[in-house]
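J.: So that you have it, the file is model.cif, and it contains mmCIF, C-alpha atoms:
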data_protein
#
loop_
_atom_site.label_atom_id
_atom_site.label_comp_id
_atom_site.auth_asym_id
_atom_site.auth_seq_id
_atom_site.Cartn_x
_atom_site.Cartn_y
_atom_site.Cartn_z
CA MET A 1 28.15 5.78 -25.41
CA LYS A 2 26.58 8.00 -28.08
CA LEU A 3 23.44 5.85 -28.22
CA PHE A 4 23.17 5.92 -24.43
CA GLU A 5 23.49 9.71 -24.38
CA ARG A 6 20.93 10.13 -27.19
CA VAL A 7 18.39 7.96 -25.38
CA LEU A 8 18.88 9.77 -22.08
CA ARG A 9 18.62 13.21 -23.69
CA ARG A 10 15.35 12.20 -25.26
CA LEU A 11 13.96 10.79 -22.02
CA VAL A 12 14.94 13.48 -19.50
CA THR A 13 13.78 17.02 -20.17
CA ARG A 14 12.32 17.93 -16.75
CA GLY A 15 14.89 17.87 -13.98
CA GLN A 16 18.66 17.90 -14.39
CA LEU A 17 20.66 14.67 -14.51
CA THR A 18 24.44 14.45 -14.87
CA VAL A 19 26.20 11.20 -15.76
CA HIS A 20 29.83 10.62 -14.80
CA TYR A 21 31.45 7.81 -16.77
CA HIS A 22 33.84 5.31 -15.29
CA GLY A 23 37.34 6.42 -16.22
CA GLY A 24 36.38 10.05 -16.86
CA GLY A 25 34.01 12.17 -18.90
CA SER A 26 30.49 13.33 -18.14
CA PHE A 27 27.40 14.88 -19.70
CA THR A 28 24.24 16.56 -18.44
CA VAL A 29 20.67 16.23 -19.67
CA GLY A 30 17.46 18.08 -18.84
CA ARG A 31 17.09 21.37 -17.04
CA PRO A 32 16.54 22.26 -13.39
CA ASP A 33 12.95 21.84 -12.26
CA PRO A 34 11.63 22.61 -8.75
CA ALA A 35 9.73 19.30 -8.82
CA PHE A 36 13.02 17.33 -8.86
CA PRO A 37 16.40 17.51 -7.14
CA ASN A 38 19.43 17.83 -9.41
CA LEU A 39 20.82 14.31 -9.60
CA ALA A 40 24.05 12.70 -10.76
CA LEU A 41 24.80 9.11 -11.70
CA ARG A 42 28.36 7.96 -11.11
CA PHE A 43 29.28 4.81 -13.04
CA ARG A 44 31.88 2.64 -11.31
CA ASP A 45 32.02 0.14 -14.14
CA GLY A 46 32.58 0.73 -17.85
CA ARG A 47 29.84 -1.78 -18.78
CA VAL A 48 27.00 0.07 -17.07
CA PRO A 49 25.77 2.18 -20.05
CA PHE A 50 25.84 -0.86 -22.34
CA ASP A 51 23.88 -2.94 -19.82
CA ILE A 52 21.26 -0.20 -19.51
CA ILE A 53 20.83 0.13 -23.28
CA ARG A 54 20.49 -3.63 -23.68
CA ASP A 55 17.71 -3.88 -21.08
CA PRO A 56 16.95 -0.51 -19.43
CA ARG A 57 15.29 -1.63 -16.21
CA LEU A 58 17.25 -4.81 -15.57
CA GLY A 59 20.54 -3.19 -16.57
CA MET A 60 20.04 -0.23 -14.25
CA ALA A 61 18.67 -2.46 -11.49
CA GLU A 62 21.61 -4.84 -11.49
CA ALA A 63 24.14 -2.02 -11.68
CA TRP A 64 22.45 -0.42 -8.66
CA ILE A 65 22.16 -3.69 -6.73
CA ASP A 66 25.82 -4.54 -7.35
CA GLY A 67 26.98 -1.07 -6.35
CA ARG A 68 28.32 -0.37 -9.85
CA VAL A 69 26.38 2.89 -10.01
CA GLY A 70 26.02 5.56 -7.35
CA ILE A 71 23.42 8.32 -7.14
CA GLU A 72 24.30 11.78 -5.86
CA GLY A 73 21.81 14.47 -4.86
CA GLY A 74 19.16 11.93 -3.92
CA GLY A 75 18.45 8.22 -3.82
CA ILE A 76 16.99 5.52 -6.04
CA MET A 77 13.44 6.78 -5.44
CA GLU A 78 14.34 10.27 -6.65
CA PHE A 79 16.09 8.89 -9.73
CA VAL A 80 13.30 6.51 -10.77
CA SER A 81 10.71 9.22 -10.07
CA MET A 82 12.52 11.62 -12.41
CA ILE A 83 12.67 9.06 -15.22
CA ARG A 84 9.06 7.96 -14.83
CA ALA A 85 7.72 11.51 -14.48
CA ASN A 86 9.41 12.35 -17.79
CA THR A 87 7.77 9.37 -19.48
CA PRO A 88 4.23 9.16 -18.06
CA TRP A 89 1.92 6.49 -19.43
CA GLU A 90 -0.43 9.18 -20.72
CA SER A 91 2.28 10.57 -23.02
CA GLY A 92 2.86 7.32 -24.90
CA LYS A 93 6.64 7.64 -24.48
CA SER A 94 8.61 4.51 -23.64
CA ILE A 95 11.73 3.99 -21.54
CA ASP A 96 12.34 0.65 -23.22
CA ALA A 97 14.95 0.64 -25.98
CA ARG A 98 14.35 -2.99 -26.90
CA SER A 99 13.30 -3.87 -30.42
CA PHE A 100 9.92 -5.25 -31.41
CA LEU A 101 11.57 -8.59 -32.19
CA SER A 102 13.14 -8.76 -28.74
CA ARG A 103 9.82 -7.97 -27.07
CA GLY A 104 8.09 -10.63 -29.15
CA PHE A 105 10.59 -13.27 -28.08
CA LYS A 106 10.34 -12.33 -24.42
CA SER A 107 6.56 -12.26 -24.61
CA ALA A 108 6.50 -15.81 -25.97
CA ARG A 109 8.94 -16.99 -23.31
CA GLN A 110 6.86 -15.40 -20.54
CA LYS A 111 3.65 -16.97 -21.77
CA PHE A 112 5.31 -20.33 -21.22
CA TRP A 113 6.68 -19.26 -17.84
CA ARG A 114 3.30 -17.92 -16.69
CA LEU A 115 1.66 -21.32 -17.08
CA ASN A 116 2.20 -21.45 -13.30
CA HIS A 117 1.63 -25.18 -12.85
CA ARG A 118 0.96 -26.50 -9.35
CA SER A 119 4.54 -27.71 -9.01
CA ARG A 120 5.80 -24.18 -9.72
CA SER A 121 3.17 -22.14 -7.85
CA LYS A 122 4.39 -22.93 -4.34
CA ALA A 123 8.04 -22.27 -5.23
CA ASN A 124 7.11 -18.95 -6.83
CA VAL A 125 5.20 -17.88 -3.73
CA ALA A 126 8.02 -18.95 -1.41
CA HIS A 127 10.54 -16.86 -3.39
CA HIS A 128 8.92 -13.66 -2.14
CA TYR A 129 6.55 -14.37 0.73
CA ASP A 130 8.78 -16.74 2.69
CA LEU A 131 11.36 -14.02 3.29
CA SER A 132 11.92 -13.29 6.97
CA GLY A 133 8.81 -12.05 8.74
CA ALA A 134 11.11 -9.60 10.51
CA LEU A 135 11.69 -7.85 7.17
CA TYR A 136 8.00 -7.26 6.52
CA ALA A 137 7.43 -6.12 10.09
CA LEU A 138 9.94 -3.32 9.52
CA PHE A 139 8.05 -1.59 6.70
CA LEU A 140 4.42 -2.77 6.72
CA ASP A 141 1.65 -1.53 8.99
CA ARG A 142 0.93 -3.26 12.30
CA ASP A 143 -1.56 -5.64 10.64
CA CYS A 144 1.00 -6.65 7.97
CA GLN A 145 -1.19 -5.70 5.01
CA TYR A 146 1.05 -6.27 1.99
CA SER A 147 -1.33 -4.75 -0.56
CA CYS A 148 -2.70 -1.39 -1.63
CA ALA A 149 -4.11 0.75 1.19
CA TYR A 150 -7.08 3.05 0.70
CA TYR A 151 -6.90 6.82 1.14
CA PRO A 152 -10.47 8.20 1.06
CA ASP A 153 -9.21 11.78 0.71
CA MET A 154 -6.98 10.77 -2.23
CA ASP A 155 -3.79 12.28 -0.84
CA ASN A 156 -1.98 12.06 2.45
CA GLU A 157 -1.96 15.77 3.21
CA ALA A 158 -4.40 15.25 6.07
CA GLY A 159 -1.81 13.08 7.79
CA ILE A 160 -3.60 9.75 7.38
CA SER A 161 -1.32 7.06 8.76
CA LEU A 162 -0.50 3.89 6.85
CA GLU A 163 -2.23 1.97 9.66
CA GLN A 164 -5.46 3.95 9.19
CA ALA A 165 -5.30 3.67 5.40
CA GLN A 166 -5.01 -0.12 5.65
CA GLU A 167 -7.96 -0.26 8.07
CA ASP A 168 -9.92 1.83 5.57
CA LYS A 169 -8.95 -0.62 2.81
CA LYS A 170 -10.35 -3.55 4.76
CA ALA A 171 -13.58 -1.64 5.44
CA HIS A 172 -13.84 -0.71 1.75
CA ILE A 173 -13.55 -4.36 0.72
CA ALA A 174 -15.81 -5.70 3.47
CA ALA A 175 -18.56 -3.30 2.40
CA LYS A 176 -18.50 -4.68 -1.13
CA LEU A 177 -18.92 -8.24 0.15
CA HIS A 178 -22.35 -7.38 1.67
CA LEU A 179 -21.65 -9.60 4.68
CA LYS A 180 -24.14 -10.92 7.23
CA PRO A 181 -23.33 -12.60 10.55
CA GLY A 182 -22.84 -16.34 10.34
CA MET A 183 -21.69 -16.39 6.72
CA LYS A 184 -18.77 -18.54 5.60
CA VAL A 185 -16.04 -16.68 3.73
CA LEU A 186 -13.02 -17.96 1.79
CA ASP A 187 -9.94 -15.72 1.70
CA ILE A 188 -7.75 -16.83 -1.23
CA GLY A 189 -4.18 -15.70 -0.66
CA CYS A 190 -4.74 -14.73 2.98
CA GLY A 191 -1.26 -13.36 3.68
CA TRP A 192 -0.54 -13.06 7.41
CA GLY A 193 -4.23 -13.30 8.24
CA GLY A 194 -5.13 -9.66 8.75
CA MET A 195 -8.12 -9.52 6.39
CA ALA A 196 -9.64 -12.76 7.72
CA LEU A 197 -9.29 -11.65 11.32
CA TYR A 198 -10.76 -8.23 10.50
CA LEU A 199 -13.80 -9.72 8.75
CA HIS A 200 -14.55 -12.01 11.68
CA ARG A 201 -14.05 -9.26 14.26
CA THR A 202 -16.18 -6.64 12.51
CA CYS A 203 -18.79 -8.72 10.69
CA GLY A 204 -19.22 -11.84 12.80
CA ILE A 205 -18.48 -14.35 10.05
CA ASP A 206 -16.37 -17.51 9.82
CA VAL A 207 -13.36 -17.29 7.54
CA THR A 208 -11.07 -19.88 5.96
CA GLY A 209 -7.84 -18.34 4.71
CA ILE A 210 -5.61 -20.23 2.31
CA THR A 211 -2.02 -19.61 1.29
CA LEU A 212 0.97 -21.36 -0.30
CA SER A 213 3.45 -19.60 1.99
CA GLU A 214 4.52 -21.68 4.97
CA GLU A 215 5.88 -18.59 6.76
CA GLN A 216 2.62 -16.69 6.36
CA LEU A 217 0.63 -19.72 7.50
CA LYS A 218 2.57 -19.94 10.78
CA VAL A 219 1.98 -16.29 11.57
CA ALA A 220 -1.71 -16.33 10.59
CA ARG A 221 -2.46 -19.39 12.72
CA SER A 222 -0.57 -17.91 15.65
CA ARG A 223 -2.56 -14.67 15.40
CA ALA A 224 -5.87 -16.55 15.36
CA GLN A 225 -4.83 -18.54 18.42
CA GLU A 226 -3.69 -15.44 20.30
CA ALA A 227 -6.99 -13.70 19.51
CA GLY A 228 -8.93 -16.74 20.72
CA VAL A 229 -10.81 -17.10 17.43
CA ALA A 230 -9.14 -20.15 15.89
CA ASP A 231 -12.51 -21.97 15.86
CA HIS A 232 -13.92 -19.22 13.60
CA VAL A 233 -10.86 -18.13 11.60
CA ARG A 234 -8.93 -21.04 10.13
CA PHE A 235 -5.88 -21.01 7.89
CA GLU A 236 -4.72 -23.76 5.55
CA LEU A 237 -1.70 -24.42 3.32
CA ILE A 238 -3.55 -25.41 0.17
CA ASP A 239 -3.89 -24.52 -3.50
CA TYR A 240 -7.21 -22.89 -4.36
CA ARG A 241 -7.74 -25.63 -6.95
CA ASP A 242 -7.95 -28.20 -4.17
CA MET A 243 -10.53 -26.40 -2.00
CA ALA A 244 -14.04 -27.66 -1.33
CA GLY A 245 -17.00 -25.42 -0.64
CA PRO A 246 -19.50 -24.02 -0.43
CA PHE A 247 -18.81 -20.46 0.75
CA ASP A 248 -21.17 -17.51 0.91
CA ARG A 249 -18.40 -15.11 -0.03
CA ILE A 250 -14.92 -15.21 -1.55
CA VAL A 251 -12.36 -12.44 -1.15
CA SER A 252 -8.94 -12.38 -2.76
CA VAL A 253 -6.51 -9.50 -2.22
CA GLY A 254 -3.18 -9.40 -4.07
CA MET A 255 -3.28 -13.04 -5.16
CA PHE A 256 -4.73 -12.87 -8.67
CA GLU A 257 -1.39 -11.53 -9.96
CA HIS A 258 0.04 -15.00 -9.30
CA VAL A 259 -2.66 -17.07 -11.03
CA GLY A 260 -1.16 -16.93 -14.53
CA THR A 261 -3.10 -16.09 -17.68
CA ALA A 262 -3.34 -19.73 -18.75
CA HIS A 263 -5.25 -20.47 -15.54
CA PHE A 264 -7.68 -17.55 -15.41
CA ARG A 265 -10.58 -19.67 -16.65
CA THR A 266 -9.68 -22.44 -14.19
CA PHE A 267 -9.59 -19.90 -11.36
CA PHE A 268 -13.00 -18.41 -12.13
CA ASN A 269 -14.65 -21.77 -12.75
CA LYS A 270 -13.33 -23.01 -9.43
CA CYS A 271 -14.52 -19.89 -7.61
CA ARG A 272 -17.99 -20.26 -9.10
CA ASP A 273 -18.13 -23.85 -7.92
CA LEU A 274 -17.02 -22.79 -4.43
CA LEU A 275 -19.74 -20.13 -4.10
CA THR A 276 -23.30 -20.73 -2.98
CA PRO A 277 -26.00 -19.77 -5.53
CA GLU A 278 -26.30 -16.39 -3.73
CA GLY A 279 -22.54 -16.02 -3.41
CA VAL A 280 -20.47 -12.86 -3.94
CA MET A 281 -16.77 -12.57 -4.78
CA LEU A 282 -14.47 -9.54 -4.60
CA ILE A 283 -11.06 -9.61 -6.27
CA HIS A 284 -8.53 -6.88 -5.52
CA THR A 285 -5.58 -6.99 -7.92
CA ILE A 286 -2.92 -4.85 -9.51
CA GLY A 287 -3.83 -4.30 -13.15
CA ARG A 288 -2.57 -2.84 -16.41
CA VAL A 289 -4.33 0.12 -18.01
CA GLY A 290 -2.97 -0.25 -21.53
CA GLY A 291 -3.93 -3.78 -22.48
CA PRO A 292 -1.95 -7.04 -22.15
CA GLY A 293 1.80 -6.78 -21.68
CA ILE A 294 4.81 -8.63 -20.34
CA THR A 295 6.44 -8.75 -16.92
CA ASP A 296 9.67 -6.75 -16.90
CA ALA A 297 12.88 -8.72 -16.51
CA PHE A 298 13.77 -7.28 -13.09
CA THR A 299 10.46 -8.26 -11.51
CA GLN A 300 10.50 -11.69 -13.16
CA LYS A 301 14.04 -12.45 -12.05
CA TYR A 302 14.22 -10.94 -8.57
CA ILE A 303 10.76 -10.22 -7.16
CA PHE A 304 7.80 -12.26 -8.44
CA PRO A 305 8.89 -15.18 -10.64
CA GLY A 306 5.86 -16.50 -12.47
CA GLY A 307 3.83 -13.39 -11.66
CA TYR A 308 1.89 -11.39 -14.23
CA ILE A 309 -0.12 -8.19 -13.86
CA PRO A 310 -3.34 -8.63 -15.87
CA ALA A 311 -5.11 -6.10 -18.01
CA LEU A 312 -8.77 -5.64 -17.12
CA SER A 313 -9.65 -7.06 -20.53
CA GLU A 314 -7.74 -10.27 -19.74
CA MET A 315 -9.40 -10.57 -16.36
CA ILE A 316 -12.90 -10.11 -17.75
CA GLN A 317 -12.22 -12.42 -20.68
CA GLY A 318 -10.98 -15.05 -18.22
CA SER A 319 -14.30 -14.96 -16.36
CA GLU A 320 -16.51 -14.99 -19.43
CA ASP A 321 -18.55 -18.17 -20.01
CA THR A 322 -18.13 -19.19 -16.35
CA ARG A 323 -21.59 -17.91 -15.41
CA LEU A 324 -20.11 -15.38 -13.03
CA MET A 325 -21.55 -11.90 -13.51
CA VAL A 326 -19.43 -8.77 -13.07
CA THR A 327 -21.48 -6.43 -10.88
CA ASP A 328 -19.00 -3.71 -9.94
CA VAL A 329 -15.57 -2.49 -11.08
CA GLU A 330 -13.56 0.18 -9.28
CA VAL A 331 -10.19 1.55 -10.36
CA LEU A 332 -7.84 2.74 -7.61
CA ARG A 333 -5.38 4.94 -9.47
CA MET A 334 -3.15 6.71 -6.96
CA HIS A 335 -3.66 4.73 -3.77
CA TYR A 336 -0.88 2.19 -4.26
CA GLY A 337 1.67 4.88 -5.02
CA LEU A 338 0.83 6.52 -1.68
CA THR A 339 1.03 3.14 0.06
CA ILE A 340 4.42 2.16 -1.34
CA ARG A 341 5.88 5.59 -0.63
CA GLU A 342 5.13 4.88 3.03
CA TRP A 343 6.77 1.44 2.76
CA TYR A 344 9.83 3.05 1.19
CA LYS A 345 10.12 5.63 4.00
CA ARG A 346 9.99 2.88 6.61
CA THR A 347 12.49 0.79 4.67
CA MET A 348 14.95 3.67 4.54
CA ALA A 349 14.46 4.35 8.24
CA HIS A 350 15.30 0.70 9.01
CA LYS A 351 18.29 0.34 6.70
CA ALA A 352 20.62 -0.91 9.45
CA ASP A 353 18.10 -3.55 10.55
CA ILE A 354 17.53 -4.82 7.00
CA VAL A 355 21.26 -4.95 6.24
CA ALA A 356 21.72 -6.92 9.46
CA LEU A 357 18.97 -9.35 8.40
CA TYR A 358 20.38 -9.81 4.90
CA ASP A 359 23.12 -7.56 3.49
CA GLU A 360 23.75 -4.28 1.69
CA ARG A 361 23.06 -5.83 -1.70
CA PHE A 362 19.62 -7.03 -0.62
CA PHE A 363 18.82 -3.59 0.78
CA ARG A 364 19.66 -1.98 -2.55
CA LEU A 365 17.54 -4.57 -4.39
CA TRP A 366 14.58 -3.93 -2.08
CA THR A 367 14.76 -0.16 -2.44
CA PHE A 368 14.92 -0.46 -6.23
CA TYR A 369 11.85 -2.71 -6.13
CA LEU A 370 9.89 -0.26 -3.98
CA ALA A 371 10.97 2.78 -6.01
CA GLY A 372 9.92 1.13 -9.26
CA ALA A 373 6.65 -0.07 -7.77
CA ALA A 374 5.66 3.31 -6.31
CA THR A 375 6.41 5.27 -9.47
CA VAL A 376 4.70 2.86 -11.85
CA PHE A 377 1.44 3.72 -10.06
CA GLU A 378 2.24 7.43 -10.03
CA HIS A 379 3.31 7.74 -13.66
CA GLY A 380 3.26 4.31 -15.34
CA GLY A 381 0.63 1.92 -16.61
CA MET A 382 -0.46 0.23 -13.38
CA VAL A 383 -3.53 0.69 -11.18
CA ASN A 384 -5.52 -1.47 -8.78
CA TYR A 385 -8.79 -3.07 -9.81
CA GLN A 386 -11.52 -4.19 -7.45
CA VAL A 387 -13.92 -6.42 -9.37
CA GLN A 388 -17.08 -7.81 -7.81
CA TYR A 389 -18.78 -10.97 -9.10
CA VAL A 390 -22.04 -12.77 -8.30
CA ARG A 391 -23.71 -15.98 -9.44
CA ASP A 392 -27.20 -14.47 -9.32
CA ARG A 393 -27.93 -10.92 -10.48
CA ARG A 394 -30.57 -10.53 -7.75
CA THR A 395 -28.18 -11.25 -4.89
CA LEU A 396 -27.15 -7.63 -4.28
CA PRO A 397 -29.08 -4.34 -4.07
CA ILE A 398 -29.37 -2.66 -7.45
CA THR A 399 -27.53 0.53 -6.45
CA ARG A 400 -24.16 1.03 -4.74
CA ASN A 401 -25.70 2.73 -1.71
CA TYR A 402 -25.35 -0.40 0.40
CA MET A 403 -21.55 -0.24 -0.05
CA LEU A 404 -21.38 3.37 1.14
CA GLU A 405 -23.60 2.71 4.15
CA ALA A 406 -21.68 -0.40 5.21
CA GLU A 407 -18.30 1.27 4.74
CA ALA A 408 -19.33 4.28 6.80
CA ALA A 409 -20.52 1.99 9.60
CA LEU A 410 -17.29 -0.04 9.55
CA ARG A 411 -15.07 3.04 9.52
CA GLY A 412 -17.05 4.52 12.39
CA ARG A 413 -16.22 1.61 14.71
#
Could you write out this file's structure as structure tokens?

T.:
Amino acid sequence: MKLFERVLRRLVTRGQLTVHYHGGGSFTVGRPDPAFPNLALRFRDGRVPFDIIRDPRLGMAEAWIDGRVGIEGGGIMEFVSMIRANTPWESGKSIDARSFLSRGFKSARQKFWRLNHRSRSKANVAHHYDLSGALYALFLDRDCQYSCAYYPDMDNEAGISLEQAQEDKKAHIAAKLHLKPGMKVLDIGCGWGGMALYLHRTCGIDVTGITLSEEQLKVARSRAQEAGVADHVRFELIDYRDMAGPFDRIVSVGMFEHVGTAHFRTFFNKCRDLLTPEGVMLIHTIGRVGGPGITDAFTQKYIFPGGYIPALSEMIQGSEDTRLMVTDVEVLRMHYGLTIREWYKRTMAHKADIVALYDERFFRLWTFYLAGAATVFEHGGMVNYQVQYVRDRRTLPITRNYMLEAEAALRGR
């Protein structure tokens, strides 16, 4: 108990948090701050503080999911926001009480787990993306874009809808691909088909989207059929390693996080082989800002088994010696936080529907996931990277003006 209190007092100075122990007793840390509501944790199990000390995020997550801890004065988003805002990445403070030895062991174990062999890749994808499509329809935009949206004005004060921000994201990416009518494009990790359909509709190109999710494949194919473009926008259930080219362009949004560090070189070599000599590739991925790390236990266990968020250094190192040239890198810092906040609002508004689809425990798990994800972009060490590659340095104009012009034209449609 004393260790738990010491850690919490050190972590929370802005905002007031009161902890009520199971069986009696309480203590308060921090001080009132207009940026945060006054919160209280109520432990319904005597093991909760020990579980949190042993593994802060997983211990708190499982106590929340199981209903062994309640939050008063706000919800899980408010609590996680308070903790993360008190320990921003820029400060160098850590919310992890684990020892160096423990981290070393877990890092070694995760390196093995992240090998992400073919036999494991499909199962890992199914764990998350083969959840009911009805769930995703409740909190995503109409186009089912399950990746970072793009807010050109940086914040949402102007009232930009999630739907508009996702349209702007697709325009932002399309502009970087420097597309011309009649080109053939490969979409690696195509989701429910929104990006592929958008590229065909706005740029007049043929797209092949590939996925390892059977549920996403069904929806994507159905959407292409309904739009009457199935002869130009095709979707396949196939591993990128088994694809044959060539393609004029490759786009991959939110898939690189599932490649696995051991396969980065394989991924980039394969992409180079799939591109024409004048080919261009754009990868949009979540990334770390502080160098290589490890996937936290909660995410590994409950959300993205086998997933790993790469540091930019790991990504670039993985593409070195593949004869792919990096031609543009953009860092989206705050955009995903804004996006996930919108997902969280919609999730909360549809609580009854989600509980009916699954149960209360799943709803609590999902809200913890979204709260952690939003705040790690607002205060933690995660951003989004958009990295552009070419095979030939002369393929693209030598300034970025072409991107701005194309994006403005696409957004004006």

J.: Check which residues satisfy the PyMOL selection byres ((chain A and resi 274) around 7) in the file shown, then give them as an MDAnalysis selection string.

T.: chainID A and resid 244:247 270:273 275:276

J.: Once the PyMOL selection byres ((chain A and resi 299-311) around 6) is applied to the coordinates I shared, what remains selected? I want it as number ranges by chain.

T.: A: 114, 124, 257-258, 287-288, 291-292, 295-298, 312-314

J.: Tell me which residues the PyMOL selection byres ((chain A and resi 251) around 12) grabs here, as a PyMOL selection string.

T.: chain A and resi 170+173-179+184-190+195-196+199+207-210+247-250+252-256+271+274-275+279-285+386-389

J.: Set the distance at 9 Å and use only C-alpha atoms: which residues neighbour Ala134 in chain A once local chain neighbours fewer than 4 positions away are removed? I'd like the list as JSON, numbers by chain.

T.: {"A": [138, 354, 357]}

J.: Name all residues at most 8 Å from Leu365 in chain A (count only C-alpha atoms; drop same-chain ones fewer than 5 positions away) and give them as a list in words.

T.: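 Once the adjacent positions are removed, what remains is Ala61, Trp64 and Ile65 of chain A.
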
J.: Could you state the separation of CA of Glu215 in chain A and CA of Thr266 in chain A in Å, given to one decimal place?

T.: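 According to the coordinates, CA of Glu215 in chain A and CA of Thr266 in chain A are separated by 26.4 Å.
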
J.: Determine the nearest neighbour of Trp366 in chain A from the options A:Met60, A:Leu135, A:Leu217, A:Val80, counting only C-alpha atoms.

T.: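 Going through A:Met60, A:Leu135, A:Leu217, A:Val80 one by one, the smallest distance to Trp366 in chain A is for A:Leu135.
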
J.: Using Å and a single decimal, report how far CA of His232 in chain A sits from CA of Asp206 in chain A.

T.: 4.8 Å

J.: Out of A:Pro56, A:Gly24, A:Pro34, A:Pro88, which residue has the shortest atom-to-atom distance to Thr375 in chain A when counting all atoms listed in the file?

T.: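 Among the listed residues, A:Pro88 lies closest to Thr375 in chain A.
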
J.: Calculated over only C-alpha atoms, which of the candidates A:Ile205, A:Leu39, A:Ile340, A:Leu11 has the smallest distance to Ala85 in chain A?

T.: A:Leu11
